[in-house]
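See below for start_26.pdb, which holds PDB, C-alpha atoms, pLDDT in the B column.
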ATOM      1  CA  MET V   1      97.799 -98.540  43.253  1.00 50.00           C
ATOM      2  CA  ALA V   2      97.410-101.648  45.418  1.00 64.00           C
ATOM      3  CA  SER V   3     100.441-103.350  46.874  1.00 76.00           C
ATOM      4  CA  SER V   4     100.850-106.799  48.362  1.00 76.00           C
ATOM      5  CA  LEU V   5     103.900-105.688  50.352  1.00 84.00           C
ATOM      6  CA  THR V   6     104.250-104.274  53.838  1.00 87.00           C
ATOM      7  CA  CYS V   7     106.525-101.261  54.444  1.00 88.00           C
ATOM      8  CA  THR V   8     109.301-103.740  55.242  1.00 90.00           C
ATOM      9  CA  GLY V   9     108.391-105.532  52.022  1.00 90.00           C
ATOM     10  CA  VAL V  10     108.934-102.401  49.942  1.00 91.00           C
ATOM     11  CA  ILE V  11     112.408-101.998  51.487  1.00 94.00           C
ATOM     12  CA  TRP V  12     113.011-105.704  50.759  1.00 94.00           C
ATOM     13  CA  ALA V  13     111.960-105.273  47.121  1.00 94.00           C
ATOM     14  CA  LEU V  14     114.259-102.288  46.558  1.00 95.00           C
ATOM     15  CA  LEU V  15     117.182-103.896  48.378  1.00 96.00           C
ATOM     16  CA  SER V  16     116.633-107.163  46.490  1.00 96.00           C
ATOM     17  CA  PHE V  17     116.821-105.319  43.185  1.00 97.00           C
ATOM     18  CA  LEU V  18     119.956-103.465  44.281  1.00 97.00           C
ATOM     19  CA  CYS V  19     121.677-106.698  45.404  1.00 96.00           C
ATOM     20  CA  ALA V  20     120.693-108.554  42.223  1.00 97.00           C
ATOM     21  CA  ALA V  21     121.847-105.684  40.003  1.00 97.00           C
ATOM     22  CA  THR V  22     125.168-105.415  41.864  1.00 97.00           C
ATOM     23  CA  SER V  23     125.836-109.154  41.574  1.00 97.00           C
ATOM     24  CA  CYS V  24     124.777-109.344  37.911  1.00 97.00           C
ATOM     25  CA  VAL V  25     126.889-106.348  36.851  1.00 97.00           C
ATOM     26  CA  GLY V  26     129.885-107.725  38.756  1.00 97.00           C
ATOM     27  CA  PHE V  27     129.417-111.166  37.183  1.00 97.00           C
ATOM     28  CA  PHE V  28     129.218-109.790  33.635  1.00 96.00           C
ATOM     29  CA  MET V  29     132.200-107.433  33.903  1.00 96.00           C
ATOM     30  CA  PRO V  30     135.668-108.842  33.124  1.00 95.00           C
ATOM     31  CA  TYR V  31     137.348-107.120  36.071  1.00 96.00           C
ATOM     32  CA  TRP V  32     137.600-109.907  38.654  1.00 97.00           C
ATOM     33  CA  LEU V  33     141.382-110.112  38.356  1.00 96.00           C
ATOM     34  CA  TRP V  34     143.870-107.378  37.322  1.00 95.00           C
ATOM     35  CA  GLY V  35     147.389-107.847  35.985  1.00 93.00           C
ATOM     36  CA  SER V  36     149.655-106.805  33.122  1.00 91.00           C
ATOM     37  CA  GLN V  37     151.257-108.496  30.150  1.00 90.00           C
ATOM     38  CA  LEU V  38     153.730-107.030  27.657  1.00 86.00           C
ATOM     39  CA  GLY V  39     153.375-103.710  29.470  1.00 86.00           C
ATOM     40  CA  LYS V  40     149.590-103.543  28.957  1.00 90.00           C
ATOM     41  CA  PRO V  41     146.862-103.889  31.610  1.00 93.00           C
ATOM     42  CA  VAL V  42     144.994-107.208  31.461  1.00 94.00           C
ATOM     43  CA  SER V  43     141.857-108.219  33.345  1.00 95.00           C
ATOM     44  CA  PHE V  44     139.847-111.418  33.672  1.00 95.00           C
ATOM     45  CA  GLY V  45     136.295-112.325  34.613  1.00 94.00           C
ATOM     46  CA  THR V  46     134.919-115.851  34.748  1.00 93.00           C
ATOM     47  CA  PHE V  47     134.019-115.967  31.048  1.00 95.00           C
ATOM     48  CA  ARG V  48     135.450-112.684  29.666  1.00 95.00           C
ATOM     49  CA  ARG V  49     138.824-110.948  29.527  1.00 94.00           C
ATOM     50  CA  CYS V  50     140.314-107.636  28.454  1.00 94.00           C
ATOM     51  CA  SER V  51     143.550-107.472  26.412  1.00 91.00           C
ATOM     52  CA  TYR V  52     145.022-110.618  24.936  1.00 87.00           C
ATOM     53  CA  PRO V  53     148.284-111.470  23.126  1.00 85.00           C
ATOM     54  CA  VAL V  54     148.330-112.073  19.358  1.00 86.00           C
ATOM     55  CA  HIS V  55     151.287-112.962  17.135  1.00 82.00           C
ATOM     56  CA  ASP V  56     151.930-110.135  14.655  1.00 82.00           C
ATOM     57  CA  GLU V  57     153.164-111.778  11.424  1.00 82.00           C
ATOM     58  CA  SER V  58     154.528-108.547   9.914  1.00 83.00           C
ATOM     59  CA  ARG V  59     156.714-107.710  12.933  1.00 81.00           C
ATOM     60  CA  GLN V  60     157.279-111.340  13.978  1.00 81.00           C
ATOM     61  CA  MET V  61     156.449-110.623  17.610  1.00 83.00           C
ATOM     62  CA  MET V  62     153.660-110.860  20.163  1.00 82.00           C
ATOM     63  CA  VAL V  63     151.467-107.768  20.538  1.00 84.00           C
ATOM     64  CA  MET V  64     148.576-107.042  22.897  1.00 84.00           C
ATOM     65  CA  VAL V  65     145.122-106.420  21.456  1.00 87.00           C
ATOM     66  CA  GLU V  66     143.446-104.024  23.889  1.00 89.00           C
ATOM     67  CA  GLU V  67     139.816-105.152  23.608  1.00 91.00           C
ATOM     68  CA  CYS V  68     137.339-106.784  25.956  1.00 92.00           C
ATOM     69  CA  GLY V  69     135.287-109.796  24.990  1.00 90.00           C
ATOM     70  CA  ARG V  70     134.116-113.229  25.997  1.00 91.00           C
ATOM     71  CA  TYR V  71     135.962-116.416  25.178  1.00 91.00           C
ATOM     72  CA  ALA V  72     135.144-117.869  21.744  1.00 89.00           C
ATOM     73  CA  SER V  73     133.661-121.027  23.278  1.00 93.00           C
ATOM     74  CA  PHE V  74     132.799-122.421  26.689  1.00 94.00           C
ATOM     75  CA  GLN V  75     135.807-124.751  26.408  1.00 94.00           C
ATOM     76  CA  GLY V  76     137.977-121.667  25.709  1.00 92.00           C
ATOM     77  CA  ILE V  77     137.595-120.549  29.339  1.00 95.00           C
ATOM     78  CA  PRO V  78     141.099-121.093  30.824  1.00 91.00           C
ATOM     79  CA  SER V  79     140.243-123.625  33.566  1.00 93.00           C
ATOM     80  CA  ALA V  80     137.574-126.145  34.552  1.00 94.00           C
ATOM     81  CA  GLU V  81     137.134-124.267  37.848  1.00 95.00           C
ATOM     82  CA  TRP V  82     136.264-121.051  35.995  1.00 96.00           C
ATOM     83  CA  ARG V  83     133.787-122.947  33.797  1.00 96.00           C
ATOM     84  CA  ILE V  84     132.049-124.310  36.904  1.00 97.00           C
ATOM     85  CA  CYS V  85     132.245-120.843  38.489  1.00 97.00           C
ATOM     86  CA  THR V  86     130.556-119.322  35.415  1.00 97.00           C
ATOM     87  CA  ILE V  87     127.641-121.785  35.583  1.00 97.00           C
ATOM     88  CA  VAL V  88     127.157-121.606  39.361  1.00 98.00           C
ATOM     89  CA  THR V  89     127.453-117.805  39.580  1.00 97.00           C
ATOM     90  CA  GLY V  90     125.195-117.334  36.542  1.00 97.00           C
ATOM     91  CA  LEU V  91     122.504-119.530  38.124  1.00 98.00           C
ATOM     92  CA  GLY V  92     122.774-117.619  41.396  1.00 97.00           C
ATOM     93  CA  CYS V  93     122.465-114.251  39.618  1.00 97.00           C
ATOM     94  CA  GLY V  94     119.445-115.549  37.701  1.00 97.00           C
ATOM     95  CA  LEU V  95     117.699-116.566  40.929  1.00 97.00           C
ATOM     96  CA  LEU V  96     118.425-113.206  42.600  1.00 97.00           C
ATOM     97  CA  LEU V  97     117.132-111.352  39.552  1.00 97.00           C
ATOM     98  CA  LEU V  98     113.963-113.485  39.382  1.00 96.00           C
ATOM     99  CA  VAL V  99     113.110-112.800  43.028  1.00 96.00           C
ATOM    100  CA  ALA V 100     113.973-109.090  42.711  1.00 96.00           C
ATOM    101  CA  LEU V 101     111.673-108.598  39.704  1.00 95.00           C
ATOM    102  CA  THR V 102     108.869-110.542  41.424  1.00 93.00           C
ATOM    103  CA  ALA V 103     109.325-108.406  44.547  1.00 92.00           C
ATOM    104  CA  LEU V 104     109.145-105.203  42.496  1.00 92.00           C
ATOM    105  CA  MET V 105     105.944-106.461  40.862  1.00 91.00           C
ATOM    106  CA  GLY V 106     104.581-106.994  44.373  1.00 88.00           C
ATOM    107  CA  CYS V 107     104.790-103.225  44.882  1.00 85.00           C
ATOM    108  CA  CYS V 108     102.159-102.744  42.170  1.00 83.00           C
ATOM    109  CA  VAL V 109     100.052-105.934  42.228  1.00 81.00           C
ATOM    110  CA  SER V 110      97.783-106.729  45.148  1.00 79.00           C
ATOM    111  CA  GLU V 111      97.823-110.244  46.619  1.00 78.00           C
ATOM    112  CA  LEU V 112     100.972-111.272  44.725  1.00 83.00           C
ATOM    113  CA  ILE V 113     103.237-111.616  47.764  1.00 86.00           C
ATOM    114  CA  SER V 114     101.735-113.307  50.806  1.00 85.00           C
ATOM    115  CA  ARG V 115     103.682-114.168  53.951  1.00 87.00           C
ATOM    116  CA  THR V 116     104.329-117.685  52.598  1.00 89.00           C
ATOM    117  CA  VAL V 117     105.418-116.455  49.165  1.00 90.00           C
ATOM    118  CA  GLY V 118     107.729-113.943  50.845  1.00 90.00           C
ATOM    119  CA  ARG V 119     109.378-116.681  52.892  1.00 92.00           C
ATOM    120  CA  VAL V 120     109.790-118.899  49.825  1.00 94.00           C
ATOM    121  CA  ALA V 121     111.305-115.936  47.941  1.00 94.00           C
ATOM    122  CA  GLY V 122     113.706-115.404  50.839  1.00 95.00           C
ATOM    123  CA  GLY V 123     114.735-119.053  50.627  1.00 96.00           C
ATOM    124  CA  ILE V 124     115.378-118.687  46.893  1.00 97.00           C
ATOM    125  CA  GLN V 125     117.468-115.576  47.583  1.00 96.00           C
ATOM    126  CA  PHE V 126     119.489-117.496  50.150  1.00 97.00           C
ATOM    127  CA  LEU V 127     120.106-120.262  47.592  1.00 97.00           C
ATOM    128  CA  GLY V 128     121.062-117.699  44.926  1.00 97.00           C
ATOM    129  CA  GLY V 129     123.501-116.006  47.302  1.00 97.00           C
ATOM    130  CA  LEU V 130     124.937-119.388  48.274  1.00 97.00           C
ATOM    131  CA  LEU V 131     125.530-120.295  44.602  1.00 97.00           C
ATOM    132  CA  ILE V 132     127.251-116.975  43.914  1.00 97.00           C
ATOM    133  CA  GLY V 133     129.328-117.393  47.074  1.00 96.00           C
ATOM    134  CA  ALA V 134     130.363-120.866  45.889  1.00 97.00           C
ATOM    135  CA  GLY V 135     131.331-119.379  42.514  1.00 96.00           C
ATOM    136  CA  CYS V 136     133.452-116.693  44.195  1.00 96.00           C
ATOM    137  CA  ALA V 137     135.124-119.375  46.326  1.00 96.00           C
ATOM    138  CA  LEU V 138     135.887-121.497  43.225  1.00 95.00           C
ATOM    139  CA  TYR V 139     137.389-118.611  41.252  1.00 96.00           C
ATOM    140  CA  PRO V 140     140.856-118.624  42.952  1.00 95.00           C
ATOM    141  CA  LEU V 141     141.258-122.318  42.046  1.00 95.00           C
ATOM    142  CA  GLY V 142     141.746-121.219  38.430  1.00 93.00           C
ATOM    143  CA  TRP V 143     144.654-118.892  39.149  1.00 93.00           C
ATOM    144  CA  ASP V 144     147.113-121.641  38.204  1.00 92.00           C
ATOM    145  CA  SER V 145     145.972-121.694  34.544  1.00 92.00           C
ATOM    146  CA  GLU V 146     148.499-120.767  31.852  1.00 91.00           C
ATOM    147  CA  GLU V 147     146.668-117.548  30.826  1.00 91.00           C
ATOM    148  CA  VAL V 148     146.628-116.236  34.381  1.00 93.00           C
ATOM    149  CA  ARG V 149     150.263-117.225  34.980  1.00 92.00           C
ATOM    150  CA  GLN V 150     151.316-115.320  31.839  1.00 90.00           C
ATOM    151  CA  THR V 151     149.646-112.209  33.249  1.00 92.00           C
ATOM    152  CA  CYS V 152     150.674-112.644  36.893  1.00 91.00           C
ATOM    153  CA  GLY V 153     154.372-113.254  36.268  1.00 85.00           C
ATOM    154  CA  TYR V 154     154.447-117.075  36.309  1.00 87.00           C
ATOM    155  CA  ILE V 155     154.356-117.050  40.101  1.00 88.00           C
ATOM    156  CA  SER V 156     150.599-117.351  40.595  1.00 87.00           C
ATOM    157  CA  GLY V 157     148.902-120.534  41.715  1.00 88.00           C
ATOM    158  CA  GLN V 158     145.693-121.620  43.372  1.00 90.00           C
ATOM    159  CA  PHE V 159     144.849-118.952  45.984  1.00 90.00           C
ATOM    160  CA  ASP V 160     148.138-117.189  45.141  1.00 91.00           C
ATOM    161  CA  LEU V 161     147.754-114.003  43.055  1.00 90.00           C
ATOM    162  CA  GLY V 162     151.395-113.532  42.201  1.00 88.00           C
ATOM    163  CA  LYS V 163     151.716-110.002  40.749  1.00 92.00           C
ATOM    164  CA  CYS V 164     147.977-109.647  40.093  1.00 94.00           C
ATOM    165  CA  GLU V 165     145.228-108.009  42.149  1.00 95.00           C
ATOM    166  CA  ILE V 166     141.577-108.808  42.777  1.00 96.00           C
ATOM    167  CA  GLY V 167     139.350-106.387  40.847  1.00 96.00           C
ATOM    168  CA  TRP V 168     136.240-104.455  41.871  1.00 97.00           C
ATOM    169  CA  ALA V 169     133.832-106.750  39.956  1.00 97.00           C
ATOM    170  CA  TYR V 170     134.744-109.689  42.204  1.00 97.00           C
ATOM    171  CA  TYR V 171     133.868-107.643  45.292  1.00 97.00           C
ATOM    172  CA  CYS V 172     130.610-106.415  43.713  1.00 97.00           C
ATOM    173  CA  THR V 173     129.487-109.935  42.861  1.00 97.00           C
ATOM    174  CA  GLY V 174     130.325-111.325  46.303  1.00 96.00           C
ATOM    175  CA  GLY V 175     129.030-108.275  48.186  1.00 96.00           C
ATOM    176  CA  GLY V 176     125.670-108.333  46.400  1.00 96.00           C
ATOM    177  CA  ALA V 177     125.319-112.041  47.134  1.00 96.00           C
ATOM    178  CA  ALA V 178     126.256-111.624  50.815  1.00 96.00           C
ATOM    179  CA  ALA V 179     123.715-108.809  51.273  1.00 96.00           C
ATOM    180  CA  ALA V 180     121.040-110.905  49.546  1.00 95.00           C
ATOM    181  CA  MET V 181     121.797-113.901  51.781  1.00 93.00           C
ATOM    182  CA  LEU V 182     122.006-112.069  55.071  1.00 92.00           C
ATOM    183  CA  LEU V 183     119.719-109.048  54.764  1.00 94.00           C
ATOM    184  CA  CYS V 184     117.188-109.764  52.017  1.00 94.00           C
ATOM    185  CA  THR V 185     116.474-113.299  53.259  1.00 94.00           C
ATOM    186  CA  TRP V 186     115.624-111.918  56.697  1.00 94.00           C
ATOM    187  CA  LEU V 187     113.516-109.015  55.361  1.00 93.00           C
ATOM    188  CA  ALA V 188     111.613-111.397  53.057  1.00 91.00           C
ATOM    189  CA  CYS V 189     110.044-113.083  56.112  1.00 89.00           C
ATOM    190  CA  PHE V 190     108.200-109.835  56.923  1.00 88.00           C
ATOM    191  CA  SER V 191     107.537-108.673  53.371  1.00 86.00           C
ATOM    192  CA  GLY V 192     104.086-110.025  52.547  1.00 79.00           C
ATOM    193  CA  LYS V 193     100.758-108.938  53.910  1.00 73.00           C
ATOM    194  CA  LYS V 194      98.642-111.665  55.485  1.00 67.00           C
ATOM    195  CA  GLN V 195      96.731-113.761  52.982  1.00 59.00           C
ATOM    196  CA  LYS V 196      93.077-112.786  52.783  1.00 52.00           C
ATOM    197  CA  GLN V 197      90.659-115.385  54.089  1.00 51.00           C
ATOM    198  CA  TYR V 198      88.137-116.422  51.464  1.00 47.00           C
ATOM    199  CA  PRO V 199      84.759-117.934  52.412  1.00 47.00           C
ATOM    200  CA  TYR V 200      85.167-120.919  50.050  1.00 44.00           C
TER     201      TYR V 200
END
Please, can you express the file's structure as structure tokens?
Amino acid sequence: MASSLTCTGVIWALLSFLCAATSCVGFFMPYWLWGSQLGKPVSFGTFRRCSYPVHDESRQMMVMVEECGRYASFQGIPSAEWRICTIVTGLGCGLLLLVALTALMGCCVSELISRTVGRVAGGIQFLGGLLIGAGCALYPLGWDSEEVRQTCGYISGQFDLGKCEIGWAYYCTGGGAAAAMLLCTWLACFSGKKQKQYPY
């Protein structure tokens, strides 16, 4: 089976896939922020949450529905910052995934990844990591929304968690992006074999 990648390129392809998968899983999971409401654990992502309050007509009180799901509409996301974060982080994850799948194909297809293509792919990975990093930086700006304040004890604000904690999904998303920006971008420069010289 012919490959268009050098030994460094194979490491780059595998690491690229690992970074993209880590960032994408972290982005999709609603565990960016942990807190509690009405004695039940609550968690938020950028576009999903787990556990939400509902008014129980029979008991005339608020009860927590312990389910995870996405918001009913894009406008339903609690803050404008989280809506921007969702778009920016989603784009970044898409770029990382595109490069990772192309790199994996380079393991099996000859002449797919040349030195130039590898460098361009590295640049795309850097951009993807930068977008995800921007999304992670925007996320704390939404901590002053009403939904978050209900969960974090009405003492949270922008860059102030109150009684809440940052969840593992936030670290996964940011960590995958950082590794893609710093490590994969550098490895991509040495990933492709030299382009063959054709007589025409």
Counting all atoms listed in the file, what is within 9 Å of V:Pro41, bar same-chain residues fewer than 4 positions away, as a PDB file with C-alpha atoms, keeping the file's coordinate frame?
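Okay, this is what ended up in around.pdb:
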ATOM      1  CA  TRP V  34     143.870-107.378  37.322  1.00 95.00           C
ATOM      2  CA  GLY V  35     147.389-107.847  35.985  1.00 93.00           C
ATOM      3  CA  SER V  36     149.655-106.805  33.122  1.00 91.00           C
ATOM      4  CA  GLN V  37     151.257-108.496  30.150  1.00 90.00           C
ATOM      5  CA  CYS V  50     140.314-107.636  28.454  1.00 94.00           C
ATOM      6  CA  SER V  51     143.550-107.472  26.412  1.00 91.00           C
ATOM      7  CA  GLU V  66     143.446-104.024  23.889  1.00 89.00           C
ATOM      8  CA  THR V 151     149.646-112.209  33.249  1.00 92.00           C
TER       9      THR V 151
END
Atom CA of V:Gly92 and atom CA of V:Leu131 are how many Å apart?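 Here the two named atoms are 5.0 Å from each other.
For V:Thr102, the list of residues within 9 Å, based on all atoms listed in the file and with local chain neighbours fewer than 5 positions off taken out, reads Ala13, Leu97, Leu112, Ile113 and Ala121 of chain V.
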Can you build me a table of stretch 41-151 of chain V residues sitting at most 9 Å from stretch 158-173 of chain V, with the closest atom pair per residue and its distance in Å to one decimal, using all atoms listed in the file, sorted by chain and residue number, as a tab-separated table?
residue	atom	partner	partner_atom	distance
V:Ser43	CA	V:Gly167	CA	8.1
V:Phe44	CA	V:Gly167	CA	8.8
V:Gly45	CA	V:Ala169	CA	8.1
V:Thr89	CA	V:Thr173	CA	8.8
V:Cys93	CA	V:Thr173	CA	8.9
V:Ile132	CA	V:Thr173	CA	7.5
V:Gly133	CA	V:Thr173	CA	8.6
V:Cys136	CA	V:Tyr170	CA	7.4
V:Tyr139	CA	V:Phe159	CA	8.8
V:Pro140	CA	V:Phe159	CA	5.0
V:Leu141	CA	V:Gln158	CA	4.7
V:Gly142	CA	V:Gln158	CA	6.3
V:Trp143	CA	V:Gln158	CA	5.1
V:Asp144	CA	V:Gln158	CA	5.4
V:Ser145	CA	V:Gln158	CA	8.8
V:Val148	CA	V:Cys164	CA	8.8
V:Arg149	CA	V:Gly162	CA	8.2
V:Thr151	CA	V:Cys164	CA	7.5
Which residues, named as in the file, does the PyMOL selection byres ((chain V and resi 99) around 8) pick out? Answer as an NGL selection string. :V and (16 or 95-98 or 100-103 or 121 or 124-125)
Step by step, work through what the PyMOL selection byres ((chain V and resi 184) around 9) selects in the shown file, and finish by giving those residues as a short mmCIF file (atom, residue, chain, number, x, y, z; two decimals) with C-alpha atoms, keeping the file's coordinate frame.
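Contents of the output file out.cif:
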data_model
loop_
_atom_site.label_atom_id
_atom_site.label_comp_id
_atom_site.auth_asym_id
_atom_site.auth_seq_id
_atom_site.Cartn_x
_atom_site.Cartn_y
_atom_site.Cartn_z
CA TRP V 12 113.01 -105.70 50.76
CA ALA V 13 111.96 -105.27 47.12
CA LEU V 15 117.18 -103.90 48.38
CA SER V 16 116.63 -107.16 46.49
CA CYS V 19 121.68 -106.70 45.40
CA GLY V 122 113.71 -115.40 50.84
CA GLN V 125 117.47 -115.58 47.58
CA PHE V 126 119.49 -117.50 50.15
CA ALA V 179 123.72 -108.81 51.27
CA ALA V 180 121.04 -110.90 49.55
CA MET V 181 121.80 -113.90 51.78
CA LEU V 182 122.01 -112.07 55.07
CA LEU V 183 119.72 -109.05 54.76
CA THR V 185 116.47 -113.30 53.26
CA TRP V 186 115.62 -111.92 56.70
CA LEU V 187 113.52 -109.02 55.36
CA ALA V 188 111.61 -111.40 53.06
CA CYS V 189 110.04 -113.08 56.11
#
Take atom CA of V:Ala177 and atom CA of V:Ala134 and report the distance between them in Å, one decimal.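 Rounded to one decimal, the two atoms are 10.2 Å apart.
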Using only C-alpha atoms, which of the listed residues (V:Gly39, V:Leu127, V:Gly157, V:Ala137) sits closest to V:Gly94?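 Result for the nearest residue to V:Gly94: V:Leu127.
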On this structure, which residues satisfy the PyMOL selection byres ((chain V and resi 28) around 12), written as a VMD selection string? chain V and resid 21 to 27 29 to 32 44 to 49 68 to 70 86 89 to 90 93 169 to 170 172 to 173
Between atom CA of V:Glu111 and atom CA of V:Gly9, measure the distance and give it in Å to one decimal.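 Going from atom CA of V:Glu111 over to atom CA of V:Gly9, I get 12.8 Å.
Using all atoms listed in the file, the smallest distance between any of V:Val63, V:Cys107, V:Val54, V:Leu130 and V:Lys193 comes from V:Cys107.
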Give the centre and edge lengths of an axis-aligned box, in Å to one decimal, that holds all listed atoms of stretch 59-75 of chain V with 8 Å on each side, as lines of an AutoDock Vina configuration file.
center_x = 145.0
center_y = -114.4
center_z = 19.8
size_x = 40.5
size_y = 36.7
size_z = 29.8
In terms of the shortest atom-to-atom distance over all atoms listed in the file, which of V:Gly118, V:Gly128, V:Pro78, V:Gly106 is closest to V:Leu91?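 Selected residue with least distance to V:Leu91: V:Gly128.
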Write out as a ChimeraX atom specification the residues lying within 12 Å of V:Val109, counting only C-alpha atoms and excluding same-chain residues fewer than 5 positions away. /V:1-5,102-104,114,192
Once you have the residues from the selection above, write them out as a PDB file, in the frame of the given file, restricted to C-alpha atoms.
ATOM      1  CA  MET V   1      97.799 -98.540  43.253  1.00 50.00           C
ATOM      2  CA  ALA V   2      97.410-101.648  45.418  1.00 64.00           C
ATOM      3  CA  SER V   3     100.441-103.350  46.874  1.00 76.00           C
ATOM      4  CA  SER V   4     100.850-106.799  48.362  1.00 76.00           C
ATOM      5  CA  LEU V   5     103.900-105.688  50.352  1.00 84.00           C
ATOM      6  CA  THR V 102     108.869-110.542  41.424  1.00 93.00           C
ATOM      7  CA  ALA V 103     109.325-108.406  44.547  1.00 92.00           C
ATOM      8  CA  LEU V 104     109.145-105.203  42.496  1.00 92.00           C
ATOM      9  CA  SER V 114     101.735-113.307  50.806  1.00 85.00           C
ATOM     10  CA  GLY V 192     104.086-110.025  52.547  1.00 79.00           C
TER      11      GLY V 192
END
